[in-house]
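Okay, so here's the structure we're looking at.
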Amino acid sequence: MKLTVIGAGYVGLVTAACLADTGNEVMCIEKVSSKLETLRKGESPIYEPGLSEVLKKNISNGNITFSDNIDEGVRFAEAIFLCVGTPQSDTGKADLSQVEEAARQIASISDGYKLIIEKSTVPVNTHRRVKMTLNRYAAPDAQFDVASNPEFLREGSALYDFSNPDRIVVGVESERAEQIFKDIYKPYTDQGFPLLITTPAAAELIKHASNSFLALKISYINMVSDLCEKVGADIELVADGMGYDKRIGRPFLNAGLGYGGSCFPKDIKAFINMANENGVDFTLLEEADMINASRRSKYLEMIEDILWINKDKQICIWGLAFKPNTDDIREAPAIDIVGELGEAGAQLRLFDPKATENFKNFYPEGGNIKYFNDKYEALNGADALLIVTEWSEFKEADIEKIKSLMQLPIIIDGRNIYDPATMKEAGVEYYSIGR
Ligand code: UGA
């Protein structure tokens with residue numbers, strides 16, 4: 001099929017690449033023309049494992065092309081995915097101006113039938129606004145269906161998630177639109193992945209409610225970890241024990257520094273806002289978001305309690321990305337931790353396998369901030385090691401080497417990546433969360 005994807009951000013690029021990889025002809029529209037050259041070479045502007053390879057393959061076989069011309073994109077295909085940004089406004093509400101702008105542009109060019117697909121995360125009933133805009137600005141012979149087809153892609157494993165979905169959700173209002181989705185997703189439904197066909201409003205809600213629920217689950221386990229610390233239980237064992245219950249499940253029960261990234265913090269606020277606008281009091285989620293914010297301050301208190309005075313201490317931080325396997329630092333705990341420790345006058349030695357460049361844009365090198373290309377080099381002479389992101393290479397690190405490089409073998413682990421008994425045996429002064 002011919003498909004157009006508007007917006008080559010994280011979601012758009014992964015969607016375009018994966019749909020091209022199942023044999024569709026995809027045109028991806030990106031208005032930032034400086035990005036086009038990179039994209040046409042098959043280079044991904046974001047770090048996502050495997051993405052560059054899939055892009056290169058599908059550029060060379062002609063399945064994917066890039067353009068900054070939205071007119072061209074609208075004429076190219078009957079089905080158009082909207083993957084533009086929906087950032088958070090000052091009030092916490094989603095800013096939908098890019099969605100509205102794209103709808104106006106599509107309307108002004110369209111003739112005949114077009115299926116407009118919301119892929120970006122939007123508040124419930126945005127499809128109505130999109131449809132209203134399309135109809136308002138369109139030529140009389142244009143005909144539209146608006147559908148919602150939310151994404152459930154985790155950064156760092158987005159290609160896997162796209163190709164192995166727990167479910168594919170589509171919210172449609174016509175049989176024609178439903179059939180187009182059945183064709184697009186046939187390679188996946190043929191493998192047995194479930195396709196849930198519902199209304200646009202339900203599909204929009206499924207996405208927002210899923211992210212909010214996962215955020216709630218993380219805050220819940222973080223509160224249980226506080227209790228574990230008080231009563232002398234191990235949160236990892238408690239989470240394992242809870243996770244065996246199939247109704248609960250072990251994923252997203254990892255206590256630590258809480259959630260960050262471009263999705264959960266923004267989506268939970270937008271969901272609360274949308275619930276309030278509809279007269280539903282969702283203080284449950286407000287509480288979850290406050291608990292999340294308190295994780296960072298609690299960790300900083302813990303550091304101060306252990307080191308007593310942070311000023312002039314050589315503190316090594318492993319992990320700057322908001323989670324492993326990404327270079328994304330949006331809402332990353334490391335931002336607050338580096339900020340506070342820097343203010344307190346600590347000498348910071350920072351390492352991340354992928355996110356250093358992005359972090360440098362936030363906190364440039366200099367003063368009391370130093371960046372390293374090697375995790376062990378960063379440790380040289382350190383008074384303490386903070387684990388802020390749980391990259392596998394940190395889990396597999398050589399403990400004896402860590403000890404020998406540090407001034408004092410103190411590890412303050414915000415992600416529970418090491419076993420306390422092993423650390424004790426190795427002579428490391430080891431602190432972690434909820435254990
Ligand atoms: C999340 C969802 O998992 C995707 O399904 C969704 O499509 C995406 O948002 C989105 O809306 O676009 P992502 O933000 O990439 O994906 O990352 P997650 O793997 O979900 O992790 C989110 C945050 O929760 C991270 O900061 C992570 O460190 C934290 N987390 C996760 C925990 O603190 N504990 C856990 O047990 C799991």
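Identifiers in this document derive from the order of the structure tokens: chains are assigned A, B, ..., residues are numbered from 1 separately in each chain, and ligands are numbered from 1 in order of occurrence.
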Name the residues in contact with Pro420 of chain A at a cut-off of 10 Å, using only C-alpha atoms, excluding same-chain residues fewer than 4 positions from it; report them as a list in words.
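Listed by chain and then number, they are Asn416, Lys424, Glu425, Ala426, Val428, Glu429, Tyr430, Tyr431, Ser432 and Arg435 of chain A.
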Those same residues, written as a short mmCIF file (atom, residue, chain, number, x, y, z; two decimals), in the first residue's frame with C-alpha atoms?
data_model
loop_
_atom_site.label_atom_id
_atom_site.label_comp_id
_atom_site.auth_asym_id
_atom_site.auth_seq_id
_atom_site.Cartn_x
_atom_site.Cartn_y
_atom_site.Cartn_z
CA ASN A 416 18.95 -1.62 42.24
CA LYS A 424 29.01 -6.64 50.94
CA GLU A 425 31.25 -9.59 50.22
CA ALA A 426 33.30 -7.44 47.82
CA VAL A 428 31.71 -2.15 48.88
CA GLU A 429 29.70 0.27 50.98
CA TYR A 430 26.52 -0.25 49.02
CA TYR A 431 23.18 1.56 49.25
CA SER A 432 20.14 0.93 47.08
CA ARG A 435 16.36 -2.92 50.38
#
Surrounding residues of Lys298 of chain A excluding itself and chain neighbours under 3 positions, 12 Å, only C-alpha atoms, as a PDB file with N, CA, C and O atoms, in the first residue's frame:
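Heads up, here's the output in result.pdb:
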ATOM      1  N   ASN A 222       7.091   2.262  44.168  1.00  0.00           N
ATOM      2  CA  ASN A 222       8.040   3.141  44.856  1.00  0.00           C
ATOM      3  C   ASN A 222       7.581   3.442  46.280  1.00  0.00           C
ATOM      4  O   ASN A 222       8.402   3.546  47.190  1.00  0.00           O
ATOM      5  N   MET A 223       6.284   3.555  46.490  1.00  0.00           N
ATOM      6  CA  MET A 223       5.782   3.748  47.864  1.00  0.00           C
ATOM      7  C   MET A 223       5.991   2.468  48.681  1.00  0.00           C
ATOM      8  O   MET A 223       6.357   2.524  49.859  1.00  0.00           O
ATOM      9  N   ASP A 226       9.418   2.412  49.933  1.00  0.00           N
ATOM     10  CA  ASP A 226       9.624   3.243  51.128  1.00  0.00           C
ATOM     11  C   ASP A 226       9.281   2.435  52.379  1.00  0.00           C
ATOM     12  O   ASP A 226       9.998   2.472  53.385  1.00  0.00           O
ATOM     13  N   GLY A 256      12.778   2.649  42.127  1.00  0.00           N
ATOM     14  CA  GLY A 256      14.023   3.375  41.854  1.00  0.00           C
ATOM     15  C   GLY A 256      13.792   4.864  41.816  1.00  0.00           C
ATOM     16  O   GLY A 256      13.124   5.414  42.692  1.00  0.00           O
ATOM     17  N   LEU A 257      14.335   5.472  40.754  1.00  0.00           N
ATOM     18  CA  LEU A 257      14.260   6.933  40.665  1.00  0.00           C
ATOM     19  C   LEU A 257      13.010   7.431  39.970  1.00  0.00           C
ATOM     20  O   LEU A 257      12.878   8.625  39.694  1.00  0.00           O
ATOM     21  N   GLY A 258      12.100   6.511  39.633  1.00  0.00           N
ATOM     22  CA  GLY A 258      10.823   6.921  39.061  1.00  0.00           C
ATOM     23  C   GLY A 258      10.883   7.107  37.559  1.00  0.00           C
ATOM     24  O   GLY A 258      11.918   6.906  36.931  1.00  0.00           O
ATOM     25  N   ILE A 291       4.365  11.615  43.837  1.00  0.00           N
ATOM     26  CA  ILE A 291       5.256  10.566  44.373  1.00  0.00           C
ATOM     27  C   ILE A 291       6.478  10.444  43.466  1.00  0.00           C
ATOM     28  O   ILE A 291       7.615  10.354  43.910  1.00  0.00           O
ATOM     29  N   ASN A 292       6.221  10.499  42.155  1.00  0.00           N
ATOM     30  CA  ASN A 292       7.330  10.363  41.206  1.00  0.00           C
ATOM     31  C   ASN A 292       8.357  11.480  41.386  1.00  0.00           C
ATOM     32  O   ASN A 292       9.559  11.225  41.416  1.00  0.00           O
ATOM     33  N   ALA A 293       7.864  12.696  41.532  1.00  0.00           N
ATOM     34  CA  ALA A 293       8.794  13.831  41.699  1.00  0.00           C
ATOM     35  C   ALA A 293       9.609  13.666  42.983  1.00  0.00           C
ATOM     36  O   ALA A 293      10.792  14.005  43.032  1.00  0.00           O
ATOM     37  N   SER A 294       8.973  13.107  44.019  1.00  0.00           N
ATOM     38  CA  SER A 294       9.659  12.993  45.308  1.00  0.00           C
ATOM     39  C   SER A 294      10.800  11.963  45.279  1.00  0.00           C
ATOM     40  O   SER A 294      11.653  11.958  46.155  1.00  0.00           O
ATOM     41  N   ARG A 295      10.818  11.091  44.267  1.00  0.00           N
ATOM     42  CA  ARG A 295      11.897  10.075  44.198  1.00  0.00           C
ATOM     43  C   ARG A 295      13.252  10.731  44.071  1.00  0.00           C
ATOM     44  O   ARG A 295      14.238  10.290  44.613  1.00  0.00           O
ATOM     45  N   GLU A 301      18.563  13.358  49.147  1.00  0.00           N
ATOM     46  CA  GLU A 301      18.690  13.346  50.618  1.00  0.00           C
ATOM     47  C   GLU A 301      19.537  12.158  51.067  1.00  0.00           C
ATOM     48  O   GLU A 301      20.359  12.255  51.975  1.00  0.00           O
ATOM     49  N   MET A 302      19.303  11.047  50.386  1.00  0.00           N
ATOM     50  CA  MET A 302      20.048   9.823  50.718  1.00  0.00           C
ATOM     51  C   MET A 302      21.555  10.053  50.473  1.00  0.00           C
ATOM     52  O   MET A 302      22.391   9.690  51.312  1.00  0.00           O
ATOM     53  N   ILE A 303      21.883  10.714  49.356  1.00  0.00           N
ATOM     54  CA  ILE A 303      23.295  10.980  49.036  1.00  0.00           C
ATOM     55  C   ILE A 303      23.911  11.875  50.121  1.00  0.00           C
ATOM     56  O   ILE A 303      25.005  11.611  50.623  1.00  0.00           O
ATOM     57  N   GLU A 304      23.155  12.892  50.489  1.00  0.00           N
ATOM     58  CA  GLU A 304      23.683  13.811  51.494  1.00  0.00           C
ATOM     59  C   GLU A 304      23.857  13.115  52.836  1.00  0.00           C
ATOM     60  O   GLU A 304      24.826  13.335  53.561  1.00  0.00           O
ATOM     61  N   ASP A 305      22.912  12.256  53.133  1.00  0.00           N
ATOM     62  CA  ASP A 305      22.982  11.524  54.387  1.00  0.00           C
ATOM     63  C   ASP A 305      24.224  10.619  54.420  1.00  0.00           C
ATOM     64  O   ASP A 305      24.902  10.494  55.435  1.00  0.00           O
ATOM     65  N   PRO A 333      15.953  11.731  35.433  1.00  0.00           N
ATOM     66  CA  PRO A 333      16.340  12.028  36.813  1.00  0.00           C
ATOM     67  C   PRO A 333      17.728  12.661  36.896  1.00  0.00           C
ATOM     68  O   PRO A 333      17.983  13.506  37.750  1.00  0.00           O
ATOM     69  N   ASP A 336      17.995  16.545  37.284  1.00  0.00           N
ATOM     70  CA  ASP A 336      17.817  17.128  38.622  1.00  0.00           C
ATOM     71  C   ASP A 336      18.988  16.788  39.533  1.00  0.00           C
ATOM     72  O   ASP A 336      19.439  17.617  40.330  1.00  0.00           O
ATOM     73  N   ILE A 337      19.469  15.562  39.412  1.00  0.00           N
ATOM     74  CA  ILE A 337      20.537  15.111  40.320  1.00  0.00           C
ATOM     75  C   ILE A 337      21.826  15.889  40.052  1.00  0.00           C
ATOM     76  O   ILE A 337      22.458  16.405  40.975  1.00  0.00           O
ATOM     77  N   GLY A 414      20.614   3.959  42.424  1.00  0.00           N
ATOM     78  CA  GLY A 414      19.220   4.411  42.295  1.00  0.00           C
ATOM     79  C   GLY A 414      18.368   3.466  41.490  1.00  0.00           C
ATOM     80  O   GLY A 414      17.179   3.724  41.280  1.00  0.00           O
ATOM     81  N   SER A 432      21.062   0.997  48.215  1.00  0.00           N
ATOM     82  CA  SER A 432      20.143   0.927  47.078  1.00  0.00           C
ATOM     83  C   SER A 432      18.746   1.309  47.556  1.00  0.00           C
ATOM     84  O   SER A 432      18.586   1.817  48.669  1.00  0.00           O
ATOM     85  N   ILE A 433      17.745   1.080  46.735  1.00  0.00           N
ATOM     86  CA  ILE A 433      16.394   1.596  47.029  1.00  0.00           C
ATOM     87  C   ILE A 433      15.494   0.469  47.558  1.00  0.00           C
ATOM     88  O   ILE A 433      15.343  -0.569  46.911  1.00  0.00           O
ATOM     89  N   GLY A 434      14.922   0.684  48.714  1.00  0.00           N
ATOM     90  CA  GLY A 434      13.921  -0.259  49.235  1.00  0.00           C
ATOM     91  C   GLY A 434      14.484  -1.608  49.634  1.00  0.00           C
ATOM     92  O   GLY A 434      13.779  -2.608  49.637  1.00  0.00           O
TER      93      GLY A 434
END
All residues having an atom within 8 Å of ligand 1 (only C-alpha atoms and all ligand atoms) as a ChimeraX atom specification:
/A:11,121,150-158,207-208,210-211,214-215,217-218,251-264,267,322-324,332,389
Please return, as a PyMOL selection string, all residues of segment 62-197 of chain A that DSSP assigns to helix (DSSP H, G or I) on the basis of the backbone.
chain A and resi 70-76+97-109+126-137+158-163+175-184+186-189
Any chance you can output those residues with C-alpha atoms as a short mmCIF file (atom, residue, chain, number, x, y, z; two decimals), in the first residue's frame?
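Contents of out.cif, freshly written:
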data_model
loop_
_atom_site.label_atom_id
_atom_site.label_comp_id
_atom_site.auth_asym_id
_atom_site.auth_seq_id
_atom_site.Cartn_x
_atom_site.Cartn_y
_atom_site.Cartn_z
CA ILE A 70 3.31 18.09 2.64
CA ASP A 71 1.34 18.59 -0.61
CA GLU A 72 3.36 15.81 -2.17
CA GLY A 73 2.70 13.59 0.84
CA VAL A 74 -1.04 14.18 0.81
CA ARG A 75 -1.28 13.42 -2.92
CA PHE A 76 0.89 10.32 -2.52
CA SER A 97 -1.36 23.28 17.45
CA GLN A 98 0.79 21.03 15.24
CA VAL A 99 -2.10 18.57 14.83
CA GLU A 100 -4.43 21.42 13.86
CA GLU A 101 -1.90 22.88 11.44
CA ALA A 102 -1.38 19.51 9.75
CA ALA A 103 -5.16 19.02 9.47
CA ARG A 104 -5.56 22.42 7.81
CA GLN A 105 -2.75 21.72 5.38
CA ILE A 106 -4.12 18.30 4.50
CA ALA A 107 -7.61 19.75 3.97
CA SER A 108 -6.41 22.45 1.62
CA ILE A 109 -4.73 19.92 -0.68
CA THR A 126 -9.33 15.11 19.42
CA HIS A 127 -10.54 13.15 16.36
CA ARG A 128 -13.70 15.29 16.40
CA ARG A 129 -11.67 18.47 16.27
CA VAL A 130 -9.49 17.07 13.49
CA LYS A 131 -12.57 16.11 11.48
CA MET A 132 -14.15 19.52 12.05
CA THR A 133 -10.96 21.24 10.84
CA LEU A 134 -10.65 19.00 7.80
CA ASN A 135 -14.24 19.63 6.77
CA ARG A 136 -13.97 23.35 7.42
CA TYR A 137 -10.92 23.89 5.22
CA ALA A 158 10.52 0.53 19.52
CA LEU A 159 11.21 -1.68 16.50
CA TYR A 160 10.60 -4.81 18.53
CA ASP A 161 7.40 -3.33 19.99
CA PHE A 162 6.10 -2.35 16.56
CA SER A 163 6.70 -5.83 15.17
CA GLU A 175 -16.01 0.09 7.21
CA ARG A 176 -13.76 1.60 4.60
CA ALA A 177 -11.34 2.83 7.25
CA GLU A 178 -11.53 -0.50 9.06
CA GLN A 179 -10.61 -2.36 5.87
CA ILE A 180 -7.61 -0.10 5.23
CA PHE A 181 -6.27 -0.91 8.71
CA LYS A 182 -6.88 -4.62 8.21
CA ASP A 183 -4.73 -4.42 5.07
CA ILE A 184 -2.00 -2.33 6.69
CA LYS A 186 -2.25 -7.96 7.86
CA PRO A 187 1.43 -8.98 8.21
CA TYR A 188 0.96 -8.76 11.99
CA THR A 189 -2.53 -10.22 12.33
#
Please provide as a list of chain:residue names all residues within 7 Å of Arg167 of chain A, with the sequence filter that same-chain residues fewer than 2 positions apart are discarded (counting only C-alpha atoms).
A:Pro165, A:Val169, A:Phe193, A:Pro194, A:Leu195, A:Leu196
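Compared by their closest atoms to Asn58 of chain A, and using only C-alpha atoms, the residues A:Thr22, A:Ser120, A:Thr86, A:Ser44 rank with A:Thr22 nearest.
Contact shell of Cys83 of chain A at 7 Å (only C-alpha atoms; same-chain neighbours under 4 positions omitted): Val5, Ile6, Gly7, Val11, Gly12, Lys119 and Ser120 of chain A.
In the backbone-derived DSSP annotation, strand (DSSP E) within segment 66-200 of chain A comprises A:Phe66, A:Ser67, A:Ala79, A:Ile80, A:Phe81, A:Leu82, A:Gly112, A:Tyr113, A:Lys114, A:Leu115, A:Ile116, A:Ile117, A:Glu118, A:Ala142, A:Gln143, A:Phe144, A:Asp145, A:Val146, A:Ala147, A:Ser148, A:Ile168, A:Val169, A:Val170, A:Gly171, A:Leu195, A:Leu196, A:Ile197, A:Thr198.
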Residue selection dump (N, CA, C and O atoms) as a compact mmCIF listing (two decimals), in the first residue's frame:
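Written out: part.txt:
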# COMPACT_ATOMS: atom_id res chain seq x y z
N PHE A 66 11.70 10.46 1.63
CA PHE A 66 11.50 11.58 2.55
C PHE A 66 11.28 12.87 1.76
O PHE A 66 11.88 13.06 0.69
N SER A 67 10.44 13.72 2.29
CA SER A 67 10.18 14.99 1.62
C SER A 67 9.79 16.03 2.67
O SER A 67 9.31 15.68 3.74
N ALA A 79 -4.04 6.90 2.83
CA ALA A 79 -3.96 6.82 4.30
C ALA A 79 -2.78 7.64 4.79
O ALA A 79 -1.64 7.45 4.35
N ILE A 80 -3.07 8.58 5.70
CA ILE A 80 -2.04 9.51 6.16
C ILE A 80 -1.94 9.45 7.68
O ILE A 80 -2.91 9.71 8.39
N PHE A 81 -0.75 9.09 8.17
CA PHE A 81 -0.52 9.02 9.62
C PHE A 81 -0.05 10.38 10.13
O PHE A 81 0.93 10.92 9.62
N LEU A 82 -0.71 10.88 11.16
CA LEU A 82 -0.28 12.14 11.79
C LEU A 82 0.63 11.80 12.96
O LEU A 82 0.18 11.26 13.97
N GLY A 112 -10.99 13.94 -3.22
CA GLY A 112 -11.32 12.52 -3.08
C GLY A 112 -11.23 12.09 -1.63
O GLY A 112 -11.25 12.90 -0.71
N TYR A 113 -11.06 10.74 -1.43
CA TYR A 113 -11.10 10.17 -0.08
C TYR A 113 -9.71 10.13 0.58
O TYR A 113 -8.72 9.75 -0.06
N LYS A 114 -9.67 10.51 1.85
CA LYS A 114 -8.43 10.35 2.64
C LYS A 114 -8.78 9.81 4.03
O LYS A 114 -9.76 10.27 4.63
N LEU A 115 -7.94 8.89 4.49
CA LEU A 115 -8.07 8.41 5.87
C LEU A 115 -6.97 9.08 6.68
O LEU A 115 -5.78 8.88 6.43
N ILE A 116 -7.36 9.90 7.64
CA ILE A 116 -6.39 10.62 8.46
C ILE A 116 -6.28 9.88 9.79
O ILE A 116 -7.27 9.70 10.50
N ILE A 117 -5.05 9.47 10.10
CA ILE A 117 -4.85 8.59 11.26
C ILE A 117 -4.05 9.31 12.34
O ILE A 117 -2.90 9.69 12.12
N GLU A 118 -4.64 9.45 13.50
CA GLU A 118 -3.90 10.04 14.64
C GLU A 118 -3.02 8.95 15.23
O GLU A 118 -3.51 7.93 15.69
N ALA A 142 -13.74 16.73 -1.34
CA ALA A 142 -12.89 15.92 -0.45
C ALA A 142 -13.76 15.16 0.55
O ALA A 142 -14.80 15.66 0.98
N GLN A 143 -13.29 13.97 0.89
CA GLN A 143 -14.06 13.15 1.84
C GLN A 143 -13.07 12.53 2.83
O GLN A 143 -12.04 11.99 2.41
N PHE A 144 -13.39 12.63 4.12
CA PHE A 144 -12.42 12.18 5.12
C PHE A 144 -13.01 11.17 6.10
O PHE A 144 -14.18 11.27 6.47
N ASP A 145 -12.15 10.25 6.51
CA ASP A 145 -12.39 9.50 7.73
C ASP A 145 -11.25 9.88 8.66
O ASP A 145 -10.11 10.05 8.21
N VAL A 146 -11.57 10.02 9.94
CA VAL A 146 -10.50 10.26 10.91
C VAL A 146 -10.48 9.08 11.86
O VAL A 146 -11.52 8.66 12.38
N ALA A 147 -9.30 8.51 12.05
CA ALA A 147 -9.19 7.33 12.91
C ALA A 147 -8.09 7.54 13.93
O ALA A 147 -7.21 8.39 13.75
N SER A 148 -8.15 6.76 14.99
CA SER A 148 -7.08 6.81 15.99
C SER A 148 -6.39 5.44 16.01
O SER A 148 -7.04 4.41 16.08
N ILE A 168 -2.85 -4.26 18.62
CA ILE A 168 -2.90 -3.11 17.72
C ILE A 168 -4.29 -2.53 17.92
O ILE A 168 -5.29 -3.25 17.83
N VAL A 169 -4.35 -1.25 18.25
CA VAL A 169 -5.65 -0.63 18.53
C VAL A 169 -5.99 0.33 17.40
O VAL A 169 -5.18 1.19 17.06
N VAL A 170 -7.17 0.15 16.82
CA VAL A 170 -7.62 1.15 15.84
C VAL A 170 -9.04 1.59 16.18
O VAL A 170 -9.91 0.77 16.46
N GLY A 171 -9.24 2.88 16.16
CA GLY A 171 -10.57 3.44 16.42
C GLY A 171 -11.09 4.03 15.13
O GLY A 171 -10.49 4.98 14.61
N LEU A 195 -5.74 -7.52 16.77
CA LEU A 195 -6.15 -6.20 16.27
C LEU A 195 -7.48 -5.87 16.92
O LEU A 195 -8.47 -6.58 16.72
N LEU A 196 -7.49 -4.83 17.73
CA LEU A 196 -8.71 -4.43 18.42
C LEU A 196 -9.34 -3.28 17.66
O LEU A 196 -8.74 -2.22 17.51
N ILE A 197 -10.56 -3.52 17.17
CA ILE A 197 -11.23 -2.46 16.42
C ILE A 197 -12.27 -1.81 17.32
O ILE A 197 -13.14 -2.50 17.88
N THR A 198 -12.15 -0.50 17.47
CA THR A 198 -13.05 0.19 18.38
C THR A 198 -13.38 1.57 17.82
O THR A 198 -13.15 1.83 16.64
Straight-line distance linking atom CA of Pro45 of chain A with atom CA of Met27 of chain A, stated in Å to one decimal:
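So the two atoms, atom CA of Pro45 of chain A and atom CA of Met27 of chain A, lie 17.3 Å apart.
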Residues near Pro353 of chain A, anyone? I mean within 9 Å using only C-alpha atoms, not counting same-chain ones fewer than 4 positions away, as a list in words.
Trp318, Gly319, Leu320, Ala321, Pro324, Asn325, Asp327, Asn373, Asp374, Lys375, Trp391 and Glu393 of chain A
Next, dump the selected residues to file, keeping only all heavy atoms, as an mmCIF file, in the first residue's frame.
data_model
loop_
_atom_site.group_PDB
_atom_site.id
_atom_site.type_symbol
_atom_site.label_atom_id
_atom_site.label_comp_id
_atom_site.auth_asym_id
_atom_site.auth_seq_id
_atom_site.Cartn_x
_atom_site.Cartn_y
_atom_site.Cartn_z
ATOM 1 N N TRP A 318 26.962 7.306 36.767
ATOM 2 C CA TRP A 318 26.788 6.413 35.617
ATOM 3 C C TRP A 318 25.320 6.475 35.202
ATOM 4 O O TRP A 318 24.441 6.076 35.974
ATOM 5 C CB TRP A 318 27.153 4.982 36.002
ATOM 6 C CG TRP A 318 28.625 4.690 35.987
ATOM 7 C CD1 TRP A 318 29.641 5.558 35.732
ATOM 8 C CD2 TRP A 318 29.236 3.413 36.226
ATOM 9 N NE1 TRP A 318 30.858 4.917 35.812
ATOM 10 C CE2 TRP A 318 30.633 3.598 36.106
ATOM 11 C CE3 TRP A 318 28.755 2.136 36.535
ATOM 12 C CZ2 TRP A 318 31.546 2.543 36.279
ATOM 13 C CZ3 TRP A 318 29.651 1.101 36.711
ATOM 14 C CH2 TRP A 318 31.041 1.303 36.577
ATOM 15 N N GLY A 319 25.078 6.993 34.004
ATOM 16 C CA GLY A 319 23.718 7.017 33.462
ATOM 17 C C GLY A 319 23.117 8.407 33.472
ATOM 18 O O GLY A 319 22.859 8.985 34.526
ATOM 19 N N LEU A 320 22.910 8.937 32.250
ATOM 20 C CA LEU A 320 22.310 10.270 32.102
ATOM 21 C C LEU A 320 20.986 10.193 31.342
ATOM 22 O O LEU A 320 20.103 11.030 31.522
ATOM 23 C CB LEU A 320 23.285 11.201 31.353
ATOM 24 C CG LEU A 320 24.692 11.319 31.987
ATOM 25 C CD1 LEU A 320 25.641 12.079 31.063
ATOM 26 C CD2 LEU A 320 24.631 11.990 33.354
ATOM 27 N N ALA A 321 20.832 9.183 30.506
ATOM 28 C CA ALA A 321 19.582 9.004 29.743
ATOM 29 C C ALA A 321 18.438 8.687 30.706
ATOM 30 O O ALA A 321 18.674 8.177 31.803
ATOM 31 C CB ALA A 321 19.751 7.865 28.744
ATOM 32 N N PRO A 324 17.685 3.056 29.930
ATOM 33 C CA PRO A 324 18.720 2.481 29.070
ATOM 34 C C PRO A 324 18.294 2.396 27.603
ATOM 35 O O PRO A 324 17.104 2.463 27.297
ATOM 36 C CB PRO A 324 18.901 1.057 29.630
ATOM 37 C CG PRO A 324 18.142 0.998 30.888
ATOM 38 C CD PRO A 324 17.130 2.076 30.880
ATOM 39 N N ASN A 325 19.286 2.209 26.737
ATOM 40 C CA ASN A 325 19.091 2.002 25.296
ATOM 41 C C ASN A 325 18.483 3.191 24.563
ATOM 42 O O ASN A 325 17.780 3.026 23.566
ATOM 43 C CB ASN A 325 18.244 0.749 25.014
ATOM 44 C CG ASN A 325 18.901 -0.482 25.567
ATOM 45 O OD1 ASN A 325 20.135 -0.598 25.533
ATOM 46 N ND2 ASN A 325 18.120 -1.381 26.111
ATOM 47 N N ASP A 327 19.263 7.700 23.803
ATOM 48 C CA ASP A 327 20.084 8.878 24.101
ATOM 49 C C ASP A 327 19.202 10.025 24.590
ATOM 50 O O ASP A 327 19.629 11.159 24.680
ATOM 51 C CB ASP A 327 20.898 9.313 22.864
ATOM 52 C CG ASP A 327 20.011 9.707 21.692
ATOM 53 O OD1 ASP A 327 18.772 9.623 21.819
ATOM 54 O OD2 ASP A 327 20.553 10.121 20.645
ATOM 55 N N ASN A 373 34.502 9.395 28.313
ATOM 56 C CA ASN A 373 34.075 8.456 27.269
ATOM 57 C C ASN A 373 34.130 7.024 27.760
ATOM 58 O O ASN A 373 33.742 6.106 27.035
ATOM 59 C CB ASN A 373 34.994 8.575 26.045
ATOM 60 C CG ASN A 373 34.822 9.927 25.401
ATOM 61 O OD1 ASN A 373 33.721 10.487 25.405
ATOM 62 N ND2 ASN A 373 35.908 10.467 24.872
ATOM 63 N N ASP A 374 34.654 6.845 28.952
ATOM 64 C CA ASP A 374 34.810 5.488 29.465
ATOM 65 C C ASP A 374 34.321 5.467 30.911
ATOM 66 O O ASP A 374 34.678 6.351 31.706
ATOM 67 C CB ASP A 374 36.297 5.118 29.396
ATOM 68 C CG ASP A 374 36.554 3.738 29.949
ATOM 69 O OD1 ASP A 374 36.768 3.603 31.176
ATOM 70 O OD2 ASP A 374 36.512 2.780 29.153
ATOM 71 N N LYS A 375 33.530 4.468 31.231
ATOM 72 C CA LYS A 375 32.918 4.464 32.580
ATOM 73 C C LYS A 375 33.961 4.308 33.685
ATOM 74 O O LYS A 375 33.813 4.884 34.765
ATOM 75 C CB LYS A 375 31.833 3.385 32.695
ATOM 76 C CG LYS A 375 32.272 1.955 32.479
ATOM 77 C CD LYS A 375 31.085 1.022 32.713
ATOM 78 C CE LYS A 375 31.434 -0.428 32.484
ATOM 79 N NZ LYS A 375 31.685 -0.780 31.068
ATOM 80 N N TRP A 391 21.825 0.830 32.558
ATOM 81 C CA TRP A 391 22.395 0.242 31.334
ATOM 82 C C TRP A 391 22.987 -1.127 31.660
ATOM 83 O O TRP A 391 23.600 -1.293 32.723
ATOM 84 C CB TRP A 391 23.501 1.141 30.788
ATOM 85 C CG TRP A 391 23.048 2.406 30.131
ATOM 86 C CD1 TRP A 391 22.847 3.607 30.731
ATOM 87 C CD2 TRP A 391 22.752 2.601 28.739
ATOM 88 N NE1 TRP A 391 22.451 4.549 29.793
ATOM 89 C CE2 TRP A 391 22.387 3.964 28.569
ATOM 90 C CE3 TRP A 391 22.775 1.769 27.612
ATOM 91 C CZ2 TRP A 391 22.039 4.499 27.325
ATOM 92 C CZ3 TRP A 391 22.432 2.310 26.381
ATOM 93 C CH2 TRP A 391 22.064 3.648 26.241
ATOM 94 N N GLU A 393 25.640 -2.467 30.556
ATOM 95 C CA GLU A 393 27.095 -2.457 30.778
ATOM 96 C C GLU A 393 27.460 -2.074 32.218
ATOM 97 O O GLU A 393 28.537 -2.405 32.688
ATOM 98 C CB GLU A 393 27.835 -1.578 29.763
ATOM 99 C CG GLU A 393 27.609 -0.115 29.851
ATOM 100 C CD GLU A 393 28.597 0.626 28.929
ATOM 101 O OE1 GLU A 393 28.281 0.829 27.737
ATOM 102 O OE2 GLU A 393 29.668 0.995 29.402
#
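Atom CA of Tyr418 of chain A is positioned 16.5 Å from atom CA of Val238 of chain A.
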